[in-house]
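Colleague: Enclosed is the structure file query_21.json (JSON, C-alpha atoms).
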[["chain", "number", "residue", "atom", "x", "y", "z"],
["A", 1, "MET", "CA", 119.19, 101.78, 112.46],
["A", 2, "LYS", "CA", 115.93, 99.83, 112.75],
["A", 3, "THR", "CA", 112.54, 100.90, 111.40],
["A", 4, "HIS", "CA", 109.12, 99.29, 110.95],
["A", 5, "PRO", "CA", 107.58, 99.86, 107.49],
["A", 6, "ILE", "CA", 103.78, 99.92, 107.66],
["A", 7, "ALA", "CA", 101.19, 98.48, 105.29],
["A", 8, "LYS", "CA", 98.28, 100.25, 103.62],
["A", 9, "ILE", "CA", 94.78, 99.63, 102.39],
["A", 10, "ASN", "CA", 92.83, 101.64, 99.85],
["A", 11, "LEU", "CA", 89.57, 103.23, 100.93],
["A", 12, "GLY", "CA", 88.09, 103.52, 97.48],
["A", 13, "LEU", "CA", 90.14, 103.32, 94.30],
["A", 14, "SER", "CA", 88.93, 104.80, 91.03],
["A", 15, "ILE", "CA", 90.83, 104.45, 87.75],
["A", 16, "ILE", "CA", 90.04, 107.73, 85.98],
["A", 17, "SER", "CA", 91.94, 107.53, 82.69],
["A", 18, "LYS", "CA", 94.91, 106.01, 80.89],
["A", 19, "ARG", "CA", 97.80, 108.38, 80.27],
["A", 20, "PRO", "CA", 99.90, 108.66, 77.10],
["A", 21, "ASP", "CA", 102.89, 107.29, 79.04],
["A", 22, "GLY", "CA", 101.00, 104.06, 79.75],
["A", 23, "TYR", "CA", 100.28, 104.83, 83.41],
["A", 24, "HIS", "CA", 96.78, 105.46, 84.78],
["A", 25, "ASN", "CA", 95.35, 108.46, 86.61],
["A", 26, "LEU", "CA", 93.54, 107.44, 89.77],
["A", 27, "GLU", "CA", 91.79, 108.69, 92.87],
["A", 28, "THR", "CA", 92.21, 106.85, 96.16],
["A", 29, "VAL", "CA", 92.57, 107.25, 99.90],
["A", 30, "PHE", "CA", 95.65, 105.50, 101.22],
["A", 31, "TYR", "CA", 95.11, 104.41, 104.81],
["A", 32, "PRO", "CA", 97.99, 103.23, 107.04],
["A", 33, "VAL", "CA", 97.72, 99.81, 108.67],
["A", 34, "ARG", "CA", 99.54, 98.71, 111.83],
["A", 35, "LEU", "CA", 100.90, 95.60, 110.20],
["A", 36, "CYS", "CA", 104.64, 96.07, 109.86],
["A", 37, "ASP", "CA", 107.81, 94.64, 108.41],
["A", 38, "THR", "CA", 111.14, 95.27, 110.13],
["A", 39, "LEU", "CA", 114.07, 96.85, 108.29],
["A", 40, "GLU", "CA", 117.47, 97.15, 109.94],
["A", 41, "VAL", "CA", 120.29, 98.94, 108.15],
["A", 42, "LYS", "CA", 123.94, 98.76, 109.23],
["A", 43, "PRO", "CA", 127.15, 99.93, 107.56],
["A", 44, "GLN", "CA", 129.18, 96.96, 106.40],
["A", 45, "GLU", "CA", 132.30, 96.15, 108.39],
["A", 46, "GLU", "CA", 135.29, 98.27, 107.56],
["A", 47, "ARG", "CA", 137.56, 96.86, 104.90],
["A", 48, "CYS", "CA", 141.33, 96.98, 104.95],
["A", 49, "VAL", "CA", 142.95, 98.65, 101.96],
["A", 50, "GLU", "CA", 146.53, 99.52, 101.23],
["A", 51, "GLY", "CA", 147.49, 102.55, 103.25],
["A", 52, "GLY", "CA", 144.88, 102.09, 105.99],
["A", 53, "THR", "CA", 141.34, 101.04, 106.91],
["A", 54, "GLN", "CA", 138.28, 102.93, 105.76],
["A", 55, "ALA", "CA", 134.53, 102.36, 105.50],
["A", 56, "CYS", "CA", 134.21, 103.03, 101.79],
["A", 57, "HIS", "CA", 137.11, 103.01, 99.35],
["A", 58, "ALA", "CA", 136.75, 105.57, 96.57],
["A", 59, "ALA", "CA", 137.35, 102.95, 93.88],
["A", 60, "ASP", "CA", 134.59, 100.65, 95.15],
["A", 61, "PRO", "CA", 131.03, 100.99, 93.82],
["A", 62, "PRO", "CA", 128.20, 101.44, 96.39],
["A", 63, "ARG", "CA", 126.82, 98.12, 97.57],
["A", 64, "CYS", "CA", 123.69, 97.02, 99.41],
["A", 65, "GLN", "CA", 123.52, 93.47, 100.75],
["A", 66, "LEU", "CA", 119.92, 92.47, 101.47],
["A", 67, "LEU", "CA", 119.13, 89.64, 103.91],
["A", 68, "LEU", "CA", 115.53, 88.42, 103.89],
["A", 69, "SER", "CA", 113.52, 86.55, 106.53],
["A", 70, "GLY", "CA", 109.88, 86.00, 107.41],
["A", 71, "ALA", "CA", 107.28, 85.73, 104.63],
["A", 72, "SER", "CA", 108.75, 84.38, 101.43],
["A", 73, "VAL", "CA", 109.65, 86.91, 98.73],
["A", 74, "GLU", "CA", 110.21, 85.61, 95.21],
["A", 75, "GLY", "CA", 113.11, 86.73, 93.03],
["A", 76, "ASP", "CA", 116.72, 87.74, 93.46],
["A", 77, "PRO", "CA", 117.13, 89.76, 96.68],
["A", 78, "GLN", "CA", 119.59, 92.05, 94.91],
["A", 79, "LYS", "CA", 116.78, 93.09, 92.54],
["A", 80, "ASN", "CA", 114.44, 93.89, 95.43],
["A", 81, "LEU", "CA", 112.93, 97.37, 95.58],
["A", 82, "VAL", "CA", 114.86, 98.00, 98.80],
["A", 83, "VAL", "CA", 118.14, 97.62, 96.91],
["A", 84, "ARG", "CA", 116.82, 99.85, 94.13],
["A", 85, "ALA", "CA", 116.09, 102.51, 96.76],
["A", 86, "TYR", "CA", 119.71, 102.33, 97.90],
["A", 87, "ASP", "CA", 120.95, 102.50, 94.31],
["A", 88, "LEU", "CA", 118.73, 105.50, 93.61],
["A", 89, "LEU", "CA", 120.30, 107.56, 96.39],
["A", 90, "ALA", "CA", 123.77, 106.20, 95.62],
["A", 91, "GLU", "CA", 123.50, 107.89, 92.22],
["A", 92, "GLU", "CA", 123.40, 111.25, 94.04],
["A", 93, "PHE", "CA", 125.32, 110.65, 97.24],
["A", 94, "ARG", "CA", 128.46, 108.81, 98.18],
["A", 95, "LEU", "CA", 126.98, 106.11, 100.37],
["A", 96, "PRO", "CA", 129.07, 103.50, 102.19],
["A", 97, "PRO", "CA", 128.32, 99.81, 101.63],
["A", 98, "ILE", "CA", 125.52, 98.63, 103.91],
["A", 99, "THR", "CA", 123.80, 95.45, 105.03],
["A", 100, "ALA", "CA", 119.99, 95.62, 105.16],
["A", 101, "SER", "CA", 118.07, 92.94, 107.08],
["A", 102, "LEU", "CA", 114.39, 92.80, 106.11],
["A", 103, "HIS", "CA", 111.92, 90.68, 108.06],
["A", 104, "LYS", "CA", 108.67, 90.36, 106.12],
["A", 105, "ARG", "CA", 105.30, 90.22, 107.86],
["A", 106, "ILE", "CA", 103.16, 92.23, 105.43],
["A", 107, "PRO", "CA", 101.64, 89.78, 102.92],
["A", 108, "VAL", "CA", 103.31, 89.89, 99.50],
["A", 109, "GLN", "CA", 101.36, 90.41, 96.27],
["A", 110, "ALA", "CA", 98.43, 91.52, 98.38],
["A", 111, "GLY", "CA", 97.76, 95.11, 97.28],
["A", 112, "MET", "CA", 98.96, 96.33, 100.68],
["A", 113, "GLY", "CA", 102.10, 98.11, 99.52],
["A", 114, "GLY", "CA", 104.62, 96.05, 101.47],
["A", 115, "GLY", "CA", 107.40, 96.29, 98.90],
["A", 116, "SER", "CA", 106.79, 99.99, 98.35],
["A", 117, "SER", "CA", 106.78, 100.64, 102.08],
["A", 118, "ASP", "CA", 110.05, 98.76, 102.56],
["A", 119, "ALA", "CA", 111.72, 100.71, 99.76],
["A", 120, "THR", "CA", 110.49, 104.03, 101.09],
["A", 121, "ALA", "CA", 111.69, 103.10, 104.57],
["A", 122, "MET", "CA", 115.13, 102.54, 103.04],
["A", 123, "LEU", "CA", 115.10, 106.04, 101.54],
["A", 124, "VAL", "CA", 114.10, 107.60, 104.86],
["A", 125, "THR", "CA", 116.60, 105.52, 106.84],
["A", 126, "LEU", "CA", 119.54, 106.34, 104.57],
["A", 127, "ASN", "CA", 118.59, 110.01, 104.69],
["A", 128, "GLU", "CA", 118.70, 109.96, 108.50],
["A", 129, "MET", "CA", 121.69, 107.64, 108.96],
["A", 130, "PHE", "CA", 124.00, 109.49, 106.63],
["A", 131, "ARG", "CA", 122.56, 112.99, 107.10],
["A", 132, "LEU", "CA", 121.79, 113.50, 103.43],
["A", 133, "GLY", "CA", 119.60, 116.51, 104.19],
["A", 134, "LEU", "CA", 116.66, 115.56, 101.98],
["A", 135, "THR", "CA", 113.36, 117.25, 102.86],
["A", 136, "GLN", "CA", 110.07, 115.37, 102.96],
["A", 137, "GLN", "CA", 109.16, 116.75, 99.53],
["A", 138, "GLN", "CA", 112.52, 115.69, 98.11],
["A", 139, "LEU", "CA", 112.01, 112.21, 99.52],
["A", 140, "ILE", "CA", 108.54, 112.10, 97.93],
["A", 141, "GLU", "CA", 110.02, 113.07, 94.56],
["A", 142, "ARG", "CA", 112.55, 110.24, 94.76],
["A", 143, "ALA", "CA", 109.98, 107.77, 96.07],
["A", 144, "THR", "CA", 107.84, 108.44, 93.00],
["A", 145, "ARG", "CA", 110.64, 107.04, 90.86],
["A", 146, "LEU", "CA", 110.39, 103.73, 92.74],
["A", 147, "GLY", "CA", 106.62, 103.16, 92.56],
["A", 148, "ALA", "CA", 103.24, 104.87, 92.38],
["A", 149, "ASP", "CA", 102.31, 104.23, 96.03],
["A", 150, "CYS", "CA", 105.79, 104.88, 97.48],
["A", 151, "PRO", "CA", 105.20, 108.63, 98.07],
["A", 152, "PHE", "CA", 102.37, 107.85, 100.52],
["A", 153, "PHE", "CA", 104.74, 105.92, 102.76],
["A", 154, "VAL", "CA", 106.92, 108.99, 103.21],
["A", 155, "ILE", "CA", 103.93, 110.58, 104.94],
["A", 156, "GLY", "CA", 102.37, 107.50, 106.55],
["A", 157, "LYS", "CA", 99.07, 109.18, 107.46],
["A", 158, "PRO", "CA", 95.61, 108.96, 105.83],
["A", 159, "THR", "CA", 96.21, 110.55, 102.44],
["A", 160, "TYR", "CA", 94.17, 111.31, 99.34],
["A", 161, "ALA", "CA", 96.09, 110.65, 96.11],
["A", 162, "GLU", "CA", 95.56, 111.70, 92.51],
["A", 163, "GLY", "CA", 97.61, 111.37, 89.33],
["A", 164, "ILE", "CA", 99.53, 108.09, 89.42],
["A", 165, "GLY", "CA", 99.60, 108.41, 93.21],
["A", 166, "GLU", "CA", 102.13, 111.22, 93.48],
["A", 167, "ARG", "CA", 99.74, 114.16, 94.06],
["A", 168, "LEU", "CA", 99.01, 113.89, 97.77],
["A", 169, "MET", "CA", 96.62, 115.72, 100.08],
["A", 170, "PRO", "CA", 95.55, 114.99, 103.68],
["A", 171, "ALA", "CA", 92.45, 112.83, 104.08],
["A", 172, "GLU", "CA", 90.17, 113.18, 107.09],
["A", 173, "VAL", "CA", 88.96, 109.80, 108.26],
["A", 174, "ASN", "CA", 88.27, 108.63, 111.79],
["A", 175, "LEU", "CA", 88.31, 104.87, 112.38],
["A", 176, "LYS", "CA", 88.69, 105.01, 116.15],
["A", 177, "GLY", "CA", 86.65, 102.17, 117.65],
["A", 178, "TRP", "CA", 86.98, 99.93, 114.59],
["A", 179, "LEU", "CA", 88.89, 96.70, 114.03],
["A", 180, "LEU", "CA", 90.47, 95.88, 110.70],
["A", 181, "ALA", "CA", 90.45, 92.26, 109.55],
["A", 182, "ILE", "CA", 92.66, 91.35, 106.60],
["A", 183, "VAL", "CA", 92.30, 88.08, 104.72],
["A", 184, "LYS", "CA", 95.02, 87.08, 102.25],
["A", 185, "PRO", "CA", 94.24, 84.06, 100.07],
["A", 186, "PRO", "CA", 97.03, 82.14, 98.27],
["A", 187, "ILE", "CA", 96.45, 84.06, 95.04],
["A", 188, "ALA", "CA", 99.03, 86.26, 93.31],
["A", 189, "ILE", "CA", 97.75, 89.03, 91.05],
["A", 190, "SER", "CA", 100.20, 91.11, 89.08],
["A", 191, "THR", "CA", 99.46, 94.82, 88.83],
["A", 192, "LYS", "CA", 99.82, 94.54, 85.05],
["A", 193, "GLU", "CA", 97.16, 91.84, 84.93],
["A", 194, "ALA", "CA", 94.77, 93.89, 87.07],
["A", 195, "PHE", "CA", 95.19, 97.05, 84.99],
["A", 196, "SER", "CA", 94.79, 95.17, 81.70],
["A", 197, "HIS", "CA", 91.11, 94.51, 82.41],
["A", 198, "VAL", "CA", 90.17, 97.90, 83.90],
["A", 199, "ALA", "CA", 87.72, 100.22, 82.13],
["A", 200, "PRO", "CA", 88.61, 103.79, 83.28],
["A", 201, "SER", "CA", 85.70, 106.01, 84.33],
["A", 202, "THR", "CA", 84.88, 108.95, 86.57],
["A", 203, "PRO", "CA", 83.28, 107.89, 89.88],
["A", 204, "MET", "CA", 79.89, 109.16, 91.01],
["A", 205, "THR", "CA", 81.32, 110.07, 94.42],
["A", 206, "ASN", "CA", 84.81, 111.15, 95.47],
["A", 207, "CYS", "CA", 86.41, 108.82, 98.01],
["A", 208, "ARG", "CA", 88.00, 111.70, 99.94],
["A", 209, "GLN", "CA", 84.57, 113.20, 100.59],
["A", 210, "VAL", "CA", 83.00, 109.84, 101.42],
["A", 211, "VAL", "CA", 85.49, 108.92, 104.15],
["A", 212, "LYS", "CA", 85.26, 112.42, 105.63],
["A", 213, "TYR", "CA", 81.49, 112.83, 105.80],
["A", 214, "ALA", "CA", 79.80, 109.41, 105.54],
["A", 215, "PRO", "CA", 79.64, 106.93, 108.44],
["A", 216, "VAL", "CA", 81.40, 103.62, 107.77],
["A", 217, "GLU", "CA", 78.05, 101.82, 107.64],
["A", 218, "ASN", "CA", 77.20, 103.90, 104.55],
["A", 219, "TRP", "CA", 80.43, 103.20, 102.69],
["A", 220, "PRO", "CA", 79.14, 100.15, 100.79],
["A", 221, "GLY", "CA", 77.91, 101.48, 97.46],
["A", 222, "LEU", "CA", 79.74, 104.78, 97.93],
["A", 223, "LEU", "CA", 83.35, 103.56, 98.15],
["A", 224, "VAL", "CA", 84.30, 101.47, 95.14],
["A", 225, "ASN", "CA", 87.53, 99.74, 94.15],
["A", 226, "ASP", "CA", 87.51, 99.59, 90.34],
["A", 227, "PHE", "CA", 89.91, 96.65, 90.39],
["A", 228, "GLU", "CA", 87.13, 94.51, 91.84],
["A", 229, "TYR", "CA", 85.29, 94.77, 88.50],
["A", 230, "SER", "CA", 88.32, 93.45, 86.60],
["A", 231, "VAL", "CA", 89.75, 90.99, 89.14],
["A", 232, "PHE", "CA", 86.65, 89.32, 90.62],
["A", 233, "PRO", "CA", 85.53, 87.72, 87.31],
["A", 234, "LEU", "CA", 89.02, 86.20, 86.99],
["A", 235, "TYR", "CA", 89.19, 85.08, 90.63],
["A", 236, "PRO", "CA", 85.62, 84.59, 91.88],
["A", 237, "GLN", "CA", 86.88, 83.24, 95.21],
["A", 238, "LEU", "CA", 87.97, 86.78, 96.06],
["A", 239, "GLU", "CA", 84.43, 88.06, 95.72],
["A", 240, "ARG", "CA", 83.24, 85.20, 97.90],
["A", 241, "LEU", "CA", 85.76, 86.16, 100.58],
["A", 242, "ARG", "CA", 84.63, 89.79, 100.50],
["A", 243, "ASP", "CA", 81.00, 88.68, 100.84],
["A", 244, "LEU", "CA", 82.02, 86.36, 103.68],
["A", 245, "LEU", "CA", 83.41, 89.33, 105.61],
["A", 246, "TYR", "CA", 80.03, 91.03, 105.29],
["A", 247, "GLN", "CA", 78.28, 87.88, 106.44],
["A", 248, "GLN", "CA", 80.50, 87.76, 109.53],
["A", 249, "GLY", "CA", 79.52, 91.30, 110.55],
["A", 250, "ALA", "CA", 81.74, 93.72, 108.62],
["A", 251, "ALA", "CA", 80.22, 97.15, 108.14],
["A", 252, "TYR", "CA", 82.41, 97.63, 105.07],
["A", 253, "ALA", "CA", 84.56, 95.20, 103.10],
["A", 254, "ALA", "CA", 86.63, 95.53, 99.94],
["A", 255, "MET", "CA", 89.73, 94.41, 98.12],
["A", 256, "SER", "CA", 92.86, 96.46, 98.76],
["A", 257, "GLY", "CA", 94.60, 97.88, 95.72],
["A", 258, "SER", "CA", 94.88, 95.36, 92.91],
["A", 259, "GLY", "CA", 94.58, 92.47, 95.38],
["A", 260, "SER", "CA", 94.59, 89.82, 96.45],
["A", 261, "ALA", "CA", 94.04, 90.86, 100.09],
["A", 262, "LEU", "CA", 90.50, 91.58, 101.27],
["A", 263, "PHE", "CA", 89.71, 93.63, 104.35],
["A", 264, "GLY", "CA", 86.70, 94.27, 106.53],
["A", 265, "LEU", "CA", 85.93, 96.93, 109.14],
["A", 266, "PHE", "CA", 84.24, 95.63, 112.30],
["A", 267, "ARG", "CA", 83.07, 97.67, 115.28],
["A", 268, "GLU", "CA", 85.27, 97.09, 118.30],
["A", 269, "LYS", "CA", 83.53, 95.98, 121.45],
["A", 270, "THR", "CA", 83.78, 98.22, 124.48],
["A", 271, "ASP", "CA", 82.53, 97.73, 128.03],
["A", 272, "ARG", "CA", 79.50, 99.87, 127.23],
["A", 273, "ALA", "CA", 78.71, 98.35, 123.86],
["A", 274, "PRO", "CA", 75.39, 96.47, 123.81],
["A", 275, "GLU", "CA", 75.19, 92.92, 122.48],
["A", 276, "THR", "CA", 74.11, 93.16, 118.86],
["A", 277, "SER", "CA", 74.25, 91.05, 115.72],
["A", 278, "GLY", "CA", 74.61, 91.45, 111.96],
["A", 279, "ALA", "CA", 76.34, 94.48, 110.50],
["A", 280, "SER", "CA", 76.01, 96.34, 113.80],
["A", 281, "ALA", "CA", 77.73, 93.59, 115.84],
["A", 282, "THR", "CA", 80.69, 94.46, 118.04],
["A", 283, "PHE", "CA", 83.74, 92.30, 118.71],
["A", 284, "SER", "CA", 86.88, 92.18, 120.78],
["A", 285, "GLN", "CA", 89.99, 91.32, 118.78],
["A", 286, "GLU", "CA", 90.01, 87.79, 120.17],
["A", 287, "GLN", "CA", 86.30, 87.25, 119.46],
["A", 288, "LEU", "CA", 86.73, 88.45, 115.90],
["A", 289, "ARG", "CA", 89.81, 86.30, 115.38],
["A", 290, "GLU", "CA", 88.00, 83.17, 116.56],
["A", 291, "ARG", "CA", 84.93, 83.99, 114.48],
["A", 292, "LEU", "CA", 86.86, 84.53, 111.26],
["A", 293, "HIS", "CA", 89.27, 81.64, 111.79],
["A", 294, "SER", "CA", 86.32, 79.28, 111.81],
["A", 295, "ALA", "CA", 84.76, 80.89, 108.72],
["A", 296, "ILE", "CA", 87.56, 81.54, 106.23],
["A", 297, "PRO", "CA", 89.35, 78.82, 104.23],
["A", 298, "THR", "CA", 92.30, 77.29, 106.04],
["A", 299, "ASP", "CA", 94.74, 78.28, 103.28],
["A", 300, "CYS", "CA", 94.11, 82.00, 103.89],
["A", 301, "GLN", "CA", 96.19, 84.25, 106.12],
["A", 302, "LEU", "CA", 94.30, 86.29, 108.73],
["A", 303, "PHE", "CA", 95.45, 89.51, 110.39],
["A", 304, "ILE", "CA", 93.44, 91.60, 112.85],
["A", 305, "VAL", "CA", 94.62, 95.01, 114.02],
["A", 306, "SER", "CA", 93.14, 98.20, 115.40],
["A", 307, "ALA", "CA", 91.94, 100.37, 112.51],
["A", 308, "GLU", "CA", 92.80, 103.61, 114.29],
["A", 309, "SER", "CA", 95.62, 105.37, 112.43]]
If you convert what's in this file into structure tokens, what do you get?
Modeller:
Amino acid sequence: MKTHPIAKINLGLSIISKRPDGYHNLETVFYPVRLCDTLEVKPQEERCVEGGTQACHAADPPRCQLLLSGASVEGDPQKNLVVRAYDLLAEEFRLPPITASLHKRIPVQAGMGGGSSDATAMLVTLNEMFRLGLTQQQLIERATRLGADCPFFVIGKPTYAEGIGERLMPAEVNLKGWLLAIVKPPIAISTKEAFSHVAPSTPMTNCRQVVKYAPVENWPGLLVNDFEYSVFPLYPQLERLRDLLYQQGAAYAAMSGSGSALFGLFREKTDRAPETSGASATFSQEQLRERLHSAIPTDCQLFIVSAES
């Protein structure tokens, strides 16, 4: 079975408080992005055992062989979150050994949830392939055990999150007619490092209300990612990249999650759109790609997709 795990950006991210268990309470809008990995899961070939051939011998422990391609992922593949997702369900269900082929396109260590999305896709795929009968809520409960932003990927639609990311509610946001440009510099920021410099506080405005009622052009100043206050002083080039997106015509630009990816929202050009400049400029995907390619540093990755969810 083949699936295409999506990425995400955060439209506002406020760190509200630190919890006794060491985690942080937050408020954010998770927004799905049409930038996808590919995960293909197949049962391993049948193995011959004494007395016959069967897919999974009772004496054998569950196994998940992970094959990686595409963007480089550091670490032992067998410690990847995708394998942990398999192991999590294997604790409850008798799963046959499988081979999972993961082709990475979502930037790693970018704050775009690629690893979490891949792991959640494994949960959903196993549930469907082997008819485990888990409901969406049951999948969300298990996804929470893998990572704070995993539950969102069970839903995959614009979602407002509270708590550590497990309390989910629909978010109303319309980005039809907008292009999303994502810039990923060669900088790796650990979540632990980002959180260690955050000063929790209650935001002046709630991001769920902002994205519902305020036009995108008014989001600067209303939508805030608290990680920018802790990460930008450590990596000033990230702030320069965000400002560069504004200079190139973005109506709104921010860092996603704990970084290091930056994104900008640009109005998409239509046949009826007038020629304009500055923050009100409109672009086709190709025009925007050419414009940003000539502006951003050559060691940065650039992705441009429709922002419509």
Colleague: For A:Leu68, which of A:Val41, A:Leu102, A:Leu245, A:Leu89 is the closest residue, counting all atoms listed in the file?
Modeller: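 For A:Leu68, the nearest of the candidates is A:Leu102.
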Colleague: Enter the distance from atom CA of A:Ser190 to atom CA of A:Ser69, in Å, rounded to one decimal.
Modeller: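 Here the two named atoms are 22.4 Å from each other.
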Colleague: Tell me, in Å to one decimal, how far atom CA of A:Trp178 is from atom CA of A:Tyr31.
Modeller: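 Interatomic distance here is 13.5 Å.
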Colleague: Report as JSON lines: every residue of stretch 131-173 of chain A with an atom at most 12 Å from stretch 196-214 of chain A, its closest pair of atoms, and their distance in Å to one decimal, counting only C-alpha atoms, with rows sorted by chain and ascending residue number.
Modeller:
{"residue": "A:Pro158", "atom": "CA", "partner": "A:Arg208", "partner_atom": "CA", "distance": 10.0}
{"residue": "A:Thr159", "atom": "CA", "partner": "A:Arg208", "partner_atom": "CA", "distance": 8.7}
{"residue": "A:Tyr160", "atom": "CA", "partner": "A:Arg208", "partner_atom": "CA", "distance": 6.2}
{"residue": "A:Ala161", "atom": "CA", "partner": "A:Arg208", "partner_atom": "CA", "distance": 9.0}
{"residue": "A:Glu162", "atom": "CA", "partner": "A:Arg208", "partner_atom": "CA", "distance": 10.6}
{"residue": "A:Leu168", "atom": "CA", "partner": "A:Arg208", "partner_atom": "CA", "distance": 11.4}
{"residue": "A:Met169", "atom": "CA", "partner": "A:Arg208", "partner_atom": "CA", "distance": 9.5}
{"residue": "A:Pro170", "atom": "CA", "partner": "A:Arg208", "partner_atom": "CA", "distance": 9.0}
{"residue": "A:Ala171", "atom": "CA", "partner": "A:Arg208", "partner_atom": "CA", "distance": 6.2}
{"residue": "A:Glu172", "atom": "CA", "partner": "A:Lys212", "partner_atom": "CA", "distance": 5.2}
{"residue": "A:Val173", "atom": "CA", "partner": "A:Lys212", "partner_atom": "CA", "distance": 5.2}
Colleague: Using all atoms listed in the file, what residues lie at most 10 Å away from (94.1, 101.9, 115.3) (file coordinates), given as a list of chain:residue names?
Modeller: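 Returned residue set, sorted by chain then number, is A:Pro32, A:Val33, A:Arg34, A:Asn174, A:Leu175, A:Lys176, A:Gly177, A:Trp178, A:Leu179, A:Leu180, A:Val305, A:Ser306, A:Ala307, A:Glu308, A:Ser309.
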Colleague: Pick from A:Leu67, A:Leu241, A:Leu288, A:Ala148: nearest to A:Val82, with only C-alpha atoms counted?
Modeller: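 Using only C-alpha atoms, the shortest distance to A:Val82 belongs to A:Leu67.
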Colleague: Find the residues near A:Asp226: any atom within 8 Å, counting only C-alpha atoms, skip ones fewer than 6 places away on the same chain, and give them as a VMD selection string.
Modeller: chain A and resid 13 to 15 198
Colleague: Hey, what's within 12 Å of A:Tyr246 if we count all atoms listed in the file and toss same-chain stuff fewer than 6 positions away? As a VMD selection string, please?
Modeller: chain A and resid 181 217 220 239 to 240 252 to 254 262 to 266 277 to 281 292 295
Colleague: Quick one: write out the picked residues with C-alpha atoms as a short mmCIF file (atom, residue, chain, number, x, y, z; two decimals), in the frame of the given file?
Modeller:
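Output contents, as saved in part27.cif:
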data_model
loop_
_atom_site.label_atom_id
_atom_site.label_comp_id
_atom_site.auth_asym_id
_atom_site.auth_seq_id
_atom_site.Cartn_x
_atom_site.Cartn_y
_atom_site.Cartn_z
CA ALA A 181 90.45 92.26 109.55
CA GLU A 217 78.05 101.82 107.64
CA PRO A 220 79.14 100.15 100.79
CA GLU A 239 84.43 88.06 95.72
CA ARG A 240 83.24 85.20 97.90
CA TYR A 252 82.41 97.63 105.07
CA ALA A 253 84.56 95.20 103.10
CA ALA A 254 86.63 95.53 99.94
CA LEU A 262 90.50 91.58 101.27
CA PHE A 263 89.71 93.63 104.35
CA GLY A 264 86.70 94.27 106.53
CA LEU A 265 85.93 96.93 109.14
CA PHE A 266 84.24 95.63 112.30
CA SER A 277 74.25 91.05 115.72
CA GLY A 278 74.61 91.45 111.96
CA ALA A 279 76.34 94.48 110.50
CA SER A 280 76.01 96.34 113.80
CA ALA A 281 77.73 93.59 115.84
CA LEU A 292 86.86 84.53 111.26
CA ALA A 295 84.76 80.89 108.72
#
Colleague: What is the distance, in Å and to one decimal place, between atom CA of A:Arg289 and atom CA of A:Phe303?
Modeller: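 Computing the Euclidean distance for atom CA of A:Arg289 and atom CA of A:Phe303 yields 8.2 Å.
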Colleague: Identify which of the residues A:Val108, A:Met129, A:Val216, A:Ile296 lies closest to A:Ile189, counting all atoms listed in the file when measuring atom-to-atom distances.
Modeller: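 Among the listed residues, the smallest separation from A:Ile189 belongs to A:Val108.
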Colleague: Scan for residues within 12 Å of the point (117.7, 102.9, 99.2) in the coordinates of the file, using only C-alpha atoms, and reply as a VMD selection string.
Modeller: chain A and resid 39 41 62 to 66 78 to 93 95 to 100 116 to 130 139 142 to 143 145 to 146
Colleague: Just C-alpha atoms for this one: save the residues we selected as a short mmCIF file (atom, residue, chain, number, x, y, z; two decimals), keeping the file's coordinate frame.
Modeller:
data_model
loop_
_atom_site.label_atom_id
_atom_site.label_comp_id
_atom_site.auth_asym_id
_atom_site.auth_seq_id
_atom_site.Cartn_x
_atom_site.Cartn_y
_atom_site.Cartn_z
CA LEU A 39 114.07 96.85 108.29
CA VAL A 41 120.29 98.94 108.15
CA PRO A 62 128.20 101.44 96.39
CA ARG A 63 126.82 98.12 97.57
CA CYS A 64 123.69 97.02 99.41
CA GLN A 65 123.52 93.47 100.75
CA LEU A 66 119.92 92.47 101.47
CA GLN A 78 119.59 92.05 94.91
CA LYS A 79 116.78 93.09 92.54
CA ASN A 80 114.44 93.89 95.43
CA LEU A 81 112.93 97.37 95.58
CA VAL A 82 114.86 98.00 98.80
CA VAL A 83 118.14 97.62 96.91
CA ARG A 84 116.82 99.85 94.13
CA ALA A 85 116.09 102.51 96.76
CA TYR A 86 119.71 102.33 97.90
CA ASP A 87 120.95 102.50 94.31
CA LEU A 88 118.73 105.50 93.61
CA LEU A 89 120.30 107.56 96.39
CA ALA A 90 123.77 106.20 95.62
CA GLU A 91 123.50 107.89 92.22
CA GLU A 92 123.40 111.25 94.04
CA PHE A 93 125.32 110.65 97.24
CA LEU A 95 126.98 106.11 100.37
CA PRO A 96 129.07 103.50 102.19
CA PRO A 97 128.32 99.81 101.63
CA ILE A 98 125.52 98.63 103.91
CA THR A 99 123.80 95.45 105.03
CA ALA A 100 119.99 95.62 105.16
CA SER A 116 106.79 99.99 98.35
CA SER A 117 106.78 100.64 102.08
CA ASP A 118 110.05 98.76 102.56
CA ALA A 119 111.72 100.71 99.76
CA THR A 120 110.49 104.03 101.09
CA ALA A 121 111.69 103.10 104.57
CA MET A 122 115.13 102.54 103.04
CA LEU A 123 115.10 106.04 101.54
CA VAL A 124 114.10 107.60 104.86
CA THR A 125 116.60 105.52 106.84
CA LEU A 126 119.54 106.34 104.57
CA ASN A 127 118.59 110.01 104.69
CA GLU A 128 118.70 109.96 108.50
CA MET A 129 121.69 107.64 108.96
CA PHE A 130 124.00 109.49 106.63
CA LEU A 139 112.01 112.21 99.52
CA ARG A 142 112.55 110.24 94.76
CA ALA A 143 109.98 107.77 96.07
CA ARG A 145 110.64 107.04 90.86
CA LEU A 146 110.39 103.73 92.74
#
Colleague: Using all atoms listed in the file, which of A:Phe227, A:Phe30, A:Phe232, A:Phe195 sits nearest A:Glu166?
Modeller: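 Looking at the shortest contact to A:Glu166, the residue is A:Phe30.
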Colleague: When you count all atoms listed in the file, which of these residues is closest to A:Pro185: A:Leu238, A:Met1, A:Leu35, A:Ile106?
Modeller: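 The answer is A:Leu238, which sits nearest to A:Pro185.
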